[in-house]
Amino acid sequence: MSRFSLSISWVRVMPPLFVFLWSTGFIVARYGMPLSPPFKFLELRFLFSIACFLLWIFIAKIKWPVGRQQWFHLSVTGLFIQAGYLGGVWVGVKSGIGSGLTALIVGLQPVLTAIWLSSRRHQISRRQWYGLWLGLGGVILVLLNKLMAGIEITTWGLAAEIIALLSITTGTLYQKTFVKACDVRTANTVQLLASAVITLPLALMETEAIKWGEQFFYSLAWSVVGLTIGASSLFYILIHRGASSAVTSLMYLVPPTTAAIAWLLFEEPITLITLAGVALTALGVSLVVRTPQSN
């Protein structure tokens with residue numbers, strides 16, 4: 001079997017599961033980033049993820065993508081979505097930019113995607129535009145308290161987060177345009193191989209040592225299993241199954257979900273502004289992903 005056979009029930013659960021898993025990336029950063037420089041952590045994440053996928057591919061006897069062109073397109077996608085996006089996010093967090101502001105910056109992805117699609121004469125309905133801007137408004141509300149509290153922003157950290165935003169947007173559009181449907185396990189492996197190659201010299205240049213310990217291994221394990229094997233695989237599947245504007249609109253749900261997880265784990269308070277932002281974001285996403293028949 002060259003790709004997963006997805007049941008209707010599994011298709012329905014994929015978007016909320018993706019949002020939850022993707023949101024935990026910011027939680028992992030809180031645990032793991034103080035213990036390791038960004039690219040050393042990411043290089044280990046890529047290598048262990050590759051090992052897991054290779055074992056899975058060998059046991060399941062999965063066929064690899066056919067043709068150099070497909071391998072090239074998968075590699076380019078991986079450089080944007082894996083190395084570029086994750087590298088930008090983690091460098092920004094390491095430089096002192098909070099996860100809330102990071103989520104706000106990366107949360108602009110659906111708007112950039114819609115603007116690009118519109119410039120390419122793809123059909124973005126008025127209802128979807130309303131949803132995109134409502135979603136952005138919800139994200140801003142969720143992060144309003146943190147922004148008003150006065151967050152110290154470095155030029156390097158802000159530049160890294162902007163690179164992350166441009167990388168995830170470009171990678172999503174590139175994959176949707178050029179990558180042919182193939183098994184998500186082999187596709188992810190090719191992407192990770194390219195990312196590991198480009199990240200290795202950056203990791204070797206970092207002088208800070210890894211602080212090995214239980215907390216670091218927990219962070220690394222969840223990054224491999226929950227984020228790379230779980231969230232990244234779901235992201236790949238969702239892009240191929242849906243429109244780019246609909247898939248990226250799910251990113252609007254990440255900051256509110258992150259706030260909820262932080263409240264459960266760290267007892268961070270959720271204010272009325274946060275609740276209003278969650279409601280506004282949910283409404284915006286529903287407008288974007290709703291099928292034309294339901295209009």
# chains A, B, ... in the order shown; residues from 1 in each chain; ligands from 1
>>> residues_around(residues="Leu134 (chain A)", least_positions_apart="5", cutoff="7 Å", atoms="only C-alpha atoms", output="PyMOL selection string")
chain A and resi 280-281+284
>>> closest_atom_pairs(of="region 49-121 of chain A", to="region 168-192 of chain A", cutoff="6 Å", atoms="only C-alpha atoms", output="CSV")
residue,atom,partner,partner_atom,distance
A:Ile50,CA,A:Thr189,CA,5.7
A:Trp64,CA,A:Thr186,CA,5.8
A:His73,CA,A:Val179,CA,5.9
A:Leu74,CA,A:Gln191,CA,5.6
A:Ser75,CA,A:Gln191,CA,4.8
A:Thr77,CA,A:Gly171,CA,5.0
A:Gly78,CA,A:Gln191,CA,3.9
A:Phe80,CA,A:Gly171,CA,4.9
A:Ile81,CA,A:Ile168,CA,5.0
A:Tyr85,CA,A:Ile168,CA,5.4
A:Gln109,CA,A:Thr169,CA,5.7
>>> residues_around(residues="region 33-44 of chain A", least_positions_apart="2", cutoff="6 Å", atoms="only C-alpha atoms", output="PyMOL selection string")
chain A and resi 29+46-47+90-91+196+203+210-211
>>> closest_atom_pairs(of="region 5-55 of chain A", to="region 256-270 of chain A", cutoff="8 Å", atoms="only C-alpha atoms", output="JSON lines")
{"residue": "A:Val19", "atom": "CA", "partner": "A:Thr257", "partner_atom": "CA", "distance": 7.5}
{"residue": "A:Phe20", "atom": "CA", "partner": "A:Thr257", "partner_atom": "CA", "distance": 6.7}
{"residue": "A:Ser23", "atom": "CA", "partner": "A:Thr258", "partner_atom": "CA", "distance": 5.2}
{"residue": "A:Thr24", "atom": "CA", "partner": "A:Thr258", "partner_atom": "CA", "distance": 6.7}
{"residue": "A:Phe26", "atom": "CA", "partner": "A:Thr258", "partner_atom": "CA", "distance": 7.1}
{"residue": "A:Ile27", "atom": "CA", "partner": "A:Ala262", "partner_atom": "CA", "distance": 7.3}
>>> select_by_dssp(residues="region 67-199 of chain A", states="helix (DSSP H, G or I)", output="JSON list (two decimals) with N, CA and C atoms, in the first residue's frame")
[["chain", "number", "residue", "atom", "x", "y", "z"],
["A", 68, "ARG", "N", 13.68, 11.74, -9.83],
["A", 68, "ARG", "CA", 14.51, 12.76, -9.18],
["A", 68, "ARG", "C", 13.73, 14.03, -8.92],
["A", 69, "GLN", "N", 12.81, 14.35, -9.83],
["A", 69, "GLN", "CA", 12.05, 15.59, -9.68],
["A", 69, "GLN", "C", 11.21, 15.57, -8.41],
["A", 70, "GLN", "N", 10.57, 14.42, -8.12],
["A", 70, "GLN", "CA", 9.77, 14.30, -6.91],
["A", 70, "GLN", "C", 10.64, 14.41, -5.67],
["A", 71, "TRP", "N", 11.80, 13.80, -5.69],
["A", 71, "TRP", "CA", 12.73, 13.90, -4.57],
["A", 71, "TRP", "C", 13.19, 15.35, -4.38],
["A", 72, "PHE", "N", 13.44, 16.04, -5.48],
["A", 72, "PHE", "CA", 13.86, 17.43, -5.40],
["A", 72, "PHE", "C", 12.77, 18.29, -4.77],
["A", 73, "HIS", "N", 11.52, 18.14, -5.24],
["A", 73, "HIS", "CA", 10.42, 18.94, -4.71],
["A", 73, "HIS", "C", 10.18, 18.64, -3.23],
["A", 74, "LEU", "N", 10.28, 17.39, -2.83],
["A", 74, "LEU", "CA", 10.12, 17.03, -1.43],
["A", 74, "LEU", "C", 11.24, 17.63, -0.58],
["A", 75, "SER", "N", 12.44, 17.63, -1.11],
["A", 75, "SER", "CA", 13.58, 18.20, -0.38],
["A", 75, "SER", "C", 13.41, 19.70, -0.19],
["A", 76, "VAL", "N", 12.98, 20.40, -1.23],
["A", 76, "VAL", "CA", 12.76, 21.84, -1.12],
["A", 76, "VAL", "C", 11.67, 22.13, -0.09],
["A", 77, "THR", "N", 10.59, 21.33, -0.14],
["A", 77, "THR", "CA", 9.51, 21.50, 0.84],
["A", 77, "THR", "C", 10.02, 21.30, 2.25],
["A", 78, "GLY", "N", 10.85, 20.28, 2.44],
["A", 78, "GLY", "CA", 11.41, 20.02, 3.76],
["A", 78, "GLY", "C", 12.29, 21.14, 4.26],
["A", 79, "LEU", "N", 13.08, 21.74, 3.37],
["A", 79, "LEU", "CA", 13.95, 22.84, 3.77],
["A", 79, "LEU", "C", 13.14, 24.03, 4.28],
["A", 80, "PHE", "N", 11.97, 24.26, 3.66],
["A", 80, "PHE", "CA", 11.13, 25.36, 4.10],
["A", 80, "PHE", "C", 10.36, 25.01, 5.38],
["A", 81, "ILE", "N", 9.63, 23.87, 5.36],
["A", 81, "ILE", "CA", 8.71, 23.54, 6.44],
["A", 81, "ILE", "C", 9.44, 23.01, 7.67],
["A", 82, "GLN", "N", 10.51, 22.27, 7.47],
["A", 82, "GLN", "CA", 11.23, 21.70, 8.60],
["A", 82, "GLN", "C", 12.37, 22.62, 9.05],
["A", 83, "ALA", "N", 13.39, 22.78, 8.20],
["A", 83, "ALA", "CA", 14.57, 23.54, 8.61],
["A", 83, "ALA", "C", 14.27, 25.03, 8.76],
["A", 84, "GLY", "N", 13.64, 25.64, 7.75],
["A", 84, "GLY", "CA", 13.39, 27.07, 7.79],
["A", 84, "GLY", "C", 12.41, 27.50, 8.86],
["A", 85, "TYR", "N", 11.27, 26.82, 8.91],
["A", 85, "TYR", "CA", 10.24, 27.18, 9.88],
["A", 85, "TYR", "C", 10.69, 26.89, 11.30],
["A", 86, "LEU", "N", 11.11, 25.65, 11.56],
["A", 86, "LEU", "CA", 11.51, 25.29, 12.92],
["A", 86, "LEU", "C", 12.75, 26.06, 13.37],
["A", 87, "GLY", "N", 13.71, 26.21, 12.46],
["A", 87, "GLY", "CA", 14.91, 26.95, 12.81],
["A", 87, "GLY", "C", 14.58, 28.39, 13.19],
["A", 88, "GLY", "N", 13.72, 29.03, 12.40],
["A", 88, "GLY", "CA", 13.34, 30.41, 12.70],
["A", 88, "GLY", "C", 12.62, 30.54, 14.02],
["A", 89, "VAL", "N", 11.65, 29.64, 14.27],
["A", 89, "VAL", "CA", 10.88, 29.69, 15.52],
["A", 89, "VAL", "C", 11.79, 29.49, 16.72],
["A", 90, "TRP", "N", 12.65, 28.48, 16.67],
["A", 90, "TRP", "CA", 13.45, 28.14, 17.84],
["A", 90, "TRP", "C", 14.57, 29.15, 18.09],
["A", 91, "VAL", "N", 15.13, 29.71, 17.01],
["A", 91, "VAL", "CA", 16.13, 30.76, 17.20],
["A", 91, "VAL", "C", 15.48, 31.99, 17.83],
["A", 92, "GLY", "N", 14.25, 32.32, 17.38],
["A", 92, "GLY", "CA", 13.54, 33.45, 17.95],
["A", 92, "GLY", "C", 13.23, 33.27, 19.42],
["A", 93, "VAL", "N", 12.76, 32.07, 19.78],
["A", 93, "VAL", "CA", 12.46, 31.78, 21.19],
["A", 93, "VAL", "C", 13.74, 31.83, 22.02],
["A", 94, "LYS", "N", 14.82, 31.29, 21.48],
["A", 94, "LYS", "CA", 16.08, 31.27, 22.21],
["A", 94, "LYS", "C", 16.61, 32.69, 22.44],
["A", 99, "SER", "N", 6.79, 32.80, 23.42],
["A", 99, "SER", "CA", 6.02, 31.91, 22.56],
["A", 99, "SER", "C", 4.74, 32.57, 22.08],
["A", 100, "GLY", "N", 4.18, 33.49, 22.90],
["A", 100, "GLY", "CA", 2.96, 34.17, 22.49],
["A", 100, "GLY", "C", 3.18, 35.06, 21.28],
["A", 101, "LEU", "N", 4.23, 35.87, 21.32],
["A", 101, "LEU", "CA", 4.53, 36.73, 20.19],
["A", 101, "LEU", "C", 4.95, 35.90, 18.98],
["A", 102, "THR", "N", 5.65, 34.81, 19.21],
["A", 102, "THR", "CA", 6.02, 33.90, 18.13],
["A", 102, "THR", "C", 4.77, 33.37, 17.43],
["A", 103, "ALA", "N", 3.80, 32.94, 18.23],
["A", 103, "ALA", "CA", 2.55, 32.43, 17.66],
["A", 103, "ALA", "C", 1.82, 33.51, 16.87],
["A", 104, "LEU", "N", 1.88, 34.75, 17.35],
["A", 104, "LEU", "CA", 1.23, 35.85, 16.64],
["A", 104, "LEU", "C", 1.86, 36.07, 15.27],
["A", 105, "ILE", "N", 3.20, 36.08, 15.23],
["A", 105, "ILE", "CA", 3.89, 36.32, 13.96],
["A", 105, "ILE", "C", 3.62, 35.19, 12.98],
["A", 106, "VAL", "N", 3.80, 33.94, 13.42],
["A", 106, "VAL", "CA", 3.56, 32.80, 12.55],
["A", 106, "VAL", "C", 2.08, 32.70, 12.20],
["A", 109, "GLN", "N", 0.36, 33.51, 8.75],
["A", 109, "GLN", "CA", 0.49, 32.65, 7.57],
["A", 109, "GLN", "C", -0.78, 32.55, 6.73],
["A", 110, "PRO", "N", -1.97, 32.34, 7.31],
["A", 110, "PRO", "CA", -3.16, 32.24, 6.47],
["A", 110, "PRO", "C", -3.42, 33.48, 5.63],
["A", 111, "VAL", "N", -3.14, 34.66, 6.19],
["A", 111, "VAL", "CA", -3.35, 35.89, 5.44],
["A", 111, "VAL", "C", -2.38, 35.97, 4.27],
["A", 112, "LEU", "N", -1.10, 35.64, 4.50],
["A", 112, "LEU", "CA", -0.12, 35.64, 3.42],
["A", 112, "LEU", "C", -0.50, 34.64, 2.34],
["A", 113, "THR", "N", -0.98, 33.46, 2.76],
["A", 113, "THR", "CA", -1.40, 32.45, 1.80],
["A", 113, "THR", "C", -2.56, 32.94, 0.94],
["A", 114, "ALA", "N", -3.54, 33.55, 1.58],
["A", 114, "ALA", "CA", -4.70, 34.05, 0.85],
["A", 114, "ALA", "C", -4.31, 35.16, -0.12],
["A", 115, "ILE", "N", -3.41, 36.05, 0.31],
["A", 115, "ILE", "CA", -2.96, 37.14, -0.56],
["A", 115, "ILE", "C", -2.24, 36.57, -1.79],
["A", 116, "TRP", "N", -1.40, 35.57, -1.57],
["A", 116, "TRP", "CA", -0.67, 34.96, -2.70],
["A", 116, "TRP", "C", -1.64, 34.27, -3.64],
["A", 117, "LEU", "N", -2.58, 33.50, -3.10],
["A", 117, "LEU", "CA", -3.55, 32.81, -3.95],
["A", 117, "LEU", "C", -4.39, 33.81, -4.73],
["A", 118, "SER", "N", -4.75, 34.90, -4.09],
["A", 118, "SER", "CA", -5.54, 35.92, -4.76],
["A", 118, "SER", "C", -4.75, 36.56, -5.90],
["A", 119, "SER", "N", -3.46, 36.79, -5.68],
["A", 119, "SER", "CA", -2.63, 37.38, -6.73],
["A", 119, "SER", "C", -2.44, 36.43, -7.90],
["A", 126, "ARG", "N", -15.49, 36.08, -0.65],
["A", 126, "ARG", "CA", -15.62, 37.14, 0.35],
["A", 126, "ARG", "C", -15.80, 36.54, 1.74],
["A", 127, "ARG", "N", -16.55, 35.45, 1.83],
["A", 127, "ARG", "CA", -16.76, 34.79, 3.11],
["A", 127, "ARG", "C", -15.43, 34.31, 3.70],
["A", 128, "GLN", "N", -14.56, 33.75, 2.85],
["A", 128, "GLN", "CA", -13.27, 33.28, 3.33],
["A", 128, "GLN", "C", -12.37, 34.43, 3.77],
["A", 129, "TRP", "N", -12.42, 35.56, 3.06],
["A", 129, "TRP", "CA", -11.66, 36.72, 3.48],
["A", 129, "TRP", "C", -12.12, 37.20, 4.84],
["A", 130, "TYR", "N", -13.44, 37.25, 5.04],
["A", 130, "TYR", "CA", -13.97, 37.63, 6.35],
["A", 130, "TYR", "C", -13.44, 36.69, 7.42],
["A", 131, "GLY", "N", -13.45, 35.39, 7.11],
["A", 131, "GLY", "CA", -12.97, 34.41, 8.07],
["A", 131, "GLY", "C", -11.50, 34.58, 8.39],
["A", 132, "LEU", "N", -10.68, 34.86, 7.37],
["A", 132, "LEU", "CA", -9.25, 35.05, 7.58],
["A", 132, "LEU", "C", -8.97, 36.23, 8.50],
["A", 133, "TRP", "N", -9.66, 37.34, 8.28],
["A", 133, "TRP", "CA", -9.43, 38.52, 9.10],
["A", 133, "TRP", "C", -10.02, 38.36, 10.50],
["A", 134, "LEU", "N", -11.15, 37.66, 10.61],
["A", 134, "LEU", "CA", -11.69, 37.36, 11.93],
["A", 134, "LEU", "C", -10.73, 36.48, 12.72],
["A", 135, "GLY", "N", -10.15, 35.49, 12.03],
["A", 135, "GLY", "CA", -9.18, 34.62, 12.69],
["A", 135, "GLY", "C", -7.97, 35.38, 13.18],
["A", 136, "LEU", "N", -7.47, 36.29, 12.35],
["A", 136, "LEU", "CA", -6.33, 37.10, 12.76],
["A", 136, "LEU", "C", -6.70, 37.97, 13.95],
["A", 137, "GLY", "N", -7.91, 38.54, 13.93],
["A", 137, "GLY", "CA", -8.36, 39.34, 15.06],
["A", 137, "GLY", "C", -8.43, 38.52, 16.34],
["A", 138, "GLY", "N", -8.86, 37.26, 16.23],
["A", 138, "GLY", "CA", -8.90, 36.40, 17.41],
["A", 138, "GLY", "C", -7.53, 36.10, 17.96],
["A", 139, "VAL", "N", -6.56, 35.87, 17.05],
["A", 139, "VAL", "CA", -5.19, 35.63, 17.49],
["A", 139, "VAL", "C", -4.64, 36.84, 18.25],
["A", 140, "ILE", "N", -4.90, 38.03, 17.71],
["A", 140, "ILE", "CA", -4.41, 39.25, 18.36],
["A", 140, "ILE", "C", -5.03, 39.41, 19.75],
["A", 141, "LEU", "N", -6.32, 39.11, 19.87],
["A", 141, "LEU", "CA", -6.97, 39.22, 21.18],
["A", 141, "LEU", "C", -6.35, 38.25, 22.19],
["A", 142, "VAL", "N", -6.10, 37.02, 21.72],
["A", 142, "VAL", "CA", -5.53, 36.02, 22.63],
["A", 142, "VAL", "C", -4.17, 36.48, 23.17],
["A", 143, "LEU", "N", -3.39, 37.17, 22.34],
["A", 143, "LEU", "CA", -2.04, 37.57, 22.73],
["A", 143, "LEU", "C", -1.95, 39.01, 23.22],
["A", 144, "LEU", "N", -3.09, 39.68, 23.33],
["A", 144, "LEU", "CA", -3.10, 41.10, 23.66],
["A", 144, "LEU", "C", -2.44, 41.39, 25.01],
["A", 145, "ASN", "N", -2.76, 40.60, 26.00],
["A", 145, "ASN", "CA", -2.20, 40.83, 27.33],
["A", 145, "ASN", "C", -0.68, 40.76, 27.34],
["A", 146, "LYS", "N", -0.14, 39.77, 26.61],
["A", 146, "LYS", "CA", 1.31, 39.61, 26.58],
["A", 146, "LYS", "C", 1.97, 40.77, 25.85],
["A", 147, "LEU", "N", 1.33, 41.22, 24.77],
["A", 147, "LEU", "CA", 1.90, 42.32, 24.01],
["A", 147, "LEU", "C", 1.88, 43.62, 24.82],
["A", 148, "MET", "N", 0.77, 43.85, 25.56],
["A", 148, "MET", "CA", 0.64, 45.07, 26.35],
["A", 148, "MET", "C", 1.57, 45.06, 27.56],
["A", 155, "THR", "N", 16.31, 42.48, 17.37],
["A", 155, "THR", "CA", 16.23, 42.51, 15.91],
["A", 155, "THR", "C", 16.47, 41.13, 15.32],
["A", 156, "TRP", "N", 17.46, 40.41, 15.87],
["A", 156, "TRP", "CA", 17.79, 39.07, 15.38],
["A", 156, "TRP", "C", 16.63, 38.10, 15.63],
["A", 157, "GLY", "N", 16.05, 38.19, 16.81],
["A", 157, "GLY", "CA", 14.94, 37.30, 17.12],
["A", 157, "GLY", "C", 13.72, 37.57, 16.24],
["A", 158, "LEU", "N", 13.41, 38.85, 16.02],
["A", 158, "LEU", "CA", 12.28, 39.20, 15.17],
["A", 158, "LEU", "C", 12.52, 38.75, 13.73],
["A", 159, "ALA", "N", 13.76, 38.93, 13.25],
["A", 159, "ALA", "CA", 14.10, 38.49, 11.89],
["A", 159, "ALA", "C", 13.94, 36.97, 11.76],
["A", 160, "ALA", "N", 14.34, 36.24, 12.80],
["A", 160, "ALA", "CA", 14.21, 34.77, 12.77],
["A", 160, "ALA", "C", 12.75, 34.35, 12.68],
["A", 161, "GLU", "N", 11.87, 35.03, 13.43],
["A", 161, "GLU", "CA", 10.45, 34.68, 13.40],
["A", 161, "GLU", "C", 9.82, 35.02, 12.05],
["A", 162, "ILE", "N", 10.25, 36.11, 11.44],
["A", 162, "ILE", "CA", 9.75, 36.46, 10.11],
["A", 162, "ILE", "C", 10.21, 35.43, 9.08],
["A", 163, "ILE", "N", 11.45, 34.95, 9.22],
["A", 163, "ILE", "CA", 11.93, 33.88, 8.35],
["A", 163, "ILE", "C", 11.08, 32.63, 8.52],
["A", 164, "ALA", "N", 10.72, 32.33, 9.77],
["A", 164, "ALA", "CA", 9.86, 31.18, 10.04],
["A", 164, "ALA", "C", 8.50, 31.33, 9.35],
["A", 165, "LEU", "N", 7.92, 32.53, 9.45],
["A", 165, "LEU", "CA", 6.63, 32.80, 8.81],
["A", 165, "LEU", "C", 6.71, 32.63, 7.30],
["A", 166, "LEU", "N", 7.73, 33.22, 6.68],
["A", 166, "LEU", "CA", 7.88, 33.12, 5.23],
["A", 166, "LEU", "C", 8.17, 31.68, 4.81],
["A", 167, "SER", "N", 8.91, 30.95, 5.64],
["A", 167, "SER", "CA", 9.27, 29.57, 5.30],
["A", 167, "SER", "C", 8.06, 28.65, 5.32],
["A", 168, "ILE", "N", 7.24, 28.72, 6.38],
["A", 168, "ILE", "CA", 6.08, 27.83, 6.47],
["A", 168, "ILE", "C", 5.06, 28.17, 5.39],
["A", 169, "THR", "N", 4.92, 29.46, 5.05],
["A", 169, "THR", "CA", 4.00, 29.86, 3.99],
["A", 169, "THR", "C", 4.48, 29.38, 2.63],
["A", 170, "THR", "N", 5.76, 29.61, 2.34],
["A", 170, "THR", "CA", 6.33, 29.19, 1.06],
["A", 170, "THR", "C", 6.31, 27.68, 0.93],
["A", 171, "GLY", "N", 6.69, 26.98, 1.99],
["A", 171, "GLY", "CA", 6.71, 25.52, 1.94],
["A", 171, "GLY", "C", 5.34, 24.92, 1.70],
["A", 172, "THR", "N", 4.32, 25.49, 2.34],
["A", 172, "THR", "CA", 2.96, 24.99, 2.16],
["A", 172, "THR", "C", 2.50, 25.16, 0.71],
["A", 173, "LEU", "N", 2.72, 26.34, 0.16],
["A", 173, "LEU", "CA", 2.31, 26.61, -1.22],
["A", 173, "LEU", "C", 3.13, 25.79, -2.20],
["A", 174, "TYR", "N", 4.41, 25.64, -1.93],
["A", 174, "TYR", "CA", 5.28, 24.86, -2.82],
["A", 174, "TYR", "C", 4.85, 23.40, -2.85],
["A", 175, "GLN", "N", 4.57, 22.83, -1.67],
["A", 175, "GLN", "CA", 4.14, 21.44, -1.62],
["A", 175, "GLN", "C", 2.83, 21.24, -2.36],
["A", 176, "LYS", "N", 1.88, 22.14, -2.15],
["A", 176, "LYS", "CA", 0.59, 22.02, -2.80],
["A", 176, "LYS", "C", 0.72, 22.12, -4.31],
["A", 177, "THR", "N", 1.69, 22.90, -4.79],
["A", 177, "THR", "CA", 1.84, 23.14, -6.22],
["A", 177, "THR", "C", 2.66, 22.07, -6.93],
["A", 178, "PHE", "N", 3.76, 21.63, -6.32],
["A", 178, "PHE", "CA", 4.72, 20.80, -7.04],
["A", 178, "PHE", "C", 4.82, 19.34, -6.58],
["A", 184, "VAL", "N", 3.06, 9.36, 3.01],
["A", 184, "VAL", "CA", 3.51, 10.41, 3.92],
["A", 184, "VAL", "C", 4.79, 10.02, 4.66],
["A", 185, "ARG", "N", 5.00, 8.72, 4.89],
["A", 185, "ARG", "CA", 6.18, 8.29, 5.63],
["A", 185, "ARG", "C", 7.46, 8.50, 4.83],
["A", 186, "THR", "N", 7.44, 8.10, 3.55],
["A", 186, "THR", "CA", 8.63, 8.30, 2.72],
["A", 186, "THR", "C", 8.80, 9.79, 2.39],
["A", 187, "ALA", "N", 7.69, 10.50, 2.20],
["A", 187, "ALA", "CA", 7.78, 11.92, 1.90],
["A", 187, "ALA", "C", 8.42, 12.68, 3.07],
["A", 188, "ASN", "N", 7.98, 12.37, 4.27],
["A", 188, "ASN", "CA", 8.55, 13.02, 5.45],
["A", 188, "ASN", "C", 10.03, 12.69, 5.61],
["A", 189, "THR", "N", 10.39, 11.46, 5.30],
["A", 189, "THR", "CA", 11.79, 11.05, 5.44],
["A", 189, "THR", "C", 12.68, 11.83, 4.49],
["A", 190, "VAL", "N", 12.26, 11.99, 3.24],
["A", 190, "VAL", "CA", 13.03, 12.77, 2.28],
["A", 190, "VAL", "C", 13.17, 14.22, 2.76],
["A", 191, "GLN", "N", 12.07, 14.79, 3.26],
["A", 191, "GLN", "CA", 12.12, 16.16, 3.76],
["A", 191, "GLN", "C", 13.08, 16.29, 4.94],
["A", 192, "LEU", "N", 13.04, 15.32, 5.83],
["A", 192, "LEU", "CA", 13.90, 15.36, 7.00],
["A", 192, "LEU", "C", 15.38, 15.17, 6.65],
["A", 193, "LEU", "N", 15.65, 14.32, 5.66],
["A", 193, "LEU", "CA", 17.03, 14.12, 5.23],
["A", 193, "LEU", "C", 17.63, 15.44, 4.71],
["A", 194, "ALA", "N", 16.85, 16.14, 3.88],
["A", 194, "ALA", "CA", 17.33, 17.43, 3.37],
["A", 194, "ALA", "C", 17.53, 18.43, 4.50],
["A", 195, "SER", "N", 16.61, 18.43, 5.46],
["A", 195, "SER", "CA", 16.70, 19.36, 6.59],
["A", 195, "SER", "C", 17.89, 19.05, 7.48],
["A", 196, "ALA", "N", 18.17, 17.75, 7.69],
["A", 196, "ALA", "CA", 19.30, 17.35, 8.52],
["A", 196, "ALA", "C", 20.62, 17.78, 7.89],
["A", 197, "VAL", "N", 20.70, 17.67, 6.57],
["A", 197, "VAL", "CA", 21.94, 18.06, 5.86],
["A", 197, "VAL", "C", 22.19, 19.55, 6.00],
["A", 198, "ILE", "N", 21.14, 20.37, 5.81],
["A", 198, "ILE", "CA", 21.32, 21.82, 5.86],
["A", 198, "ILE", "C", 21.50, 22.33, 7.29],
["A", 199, "THR", "N", 20.96, 21.59, 8.26],
["A", 199, "THR", "CA", 21.05, 22.03, 9.66],
["A", 199, "THR", "C", 22.36, 21.63, 10.32]]
>>> closest_residue(among="A:Thr228, A:Thr207, A:Ser95, A:Ser249", to="Leu21 (chain A)", atoms="only C-alpha atoms")
A:Thr228
>>> atom_distance(atom1="CA of Arg30 (chain A)", atom2="CA of Glu214 (chain A)")
14.5 Å
>>> atom_distance(atom1="CA of Ser233 (chain A)", atom2="CA of Leu250 (chain A)")
15.0 Å
>>> atom_distance(atom1="CA of Thr274 (chain A)", atom2="CA of Gly96 (chain A)")
22.7 Å
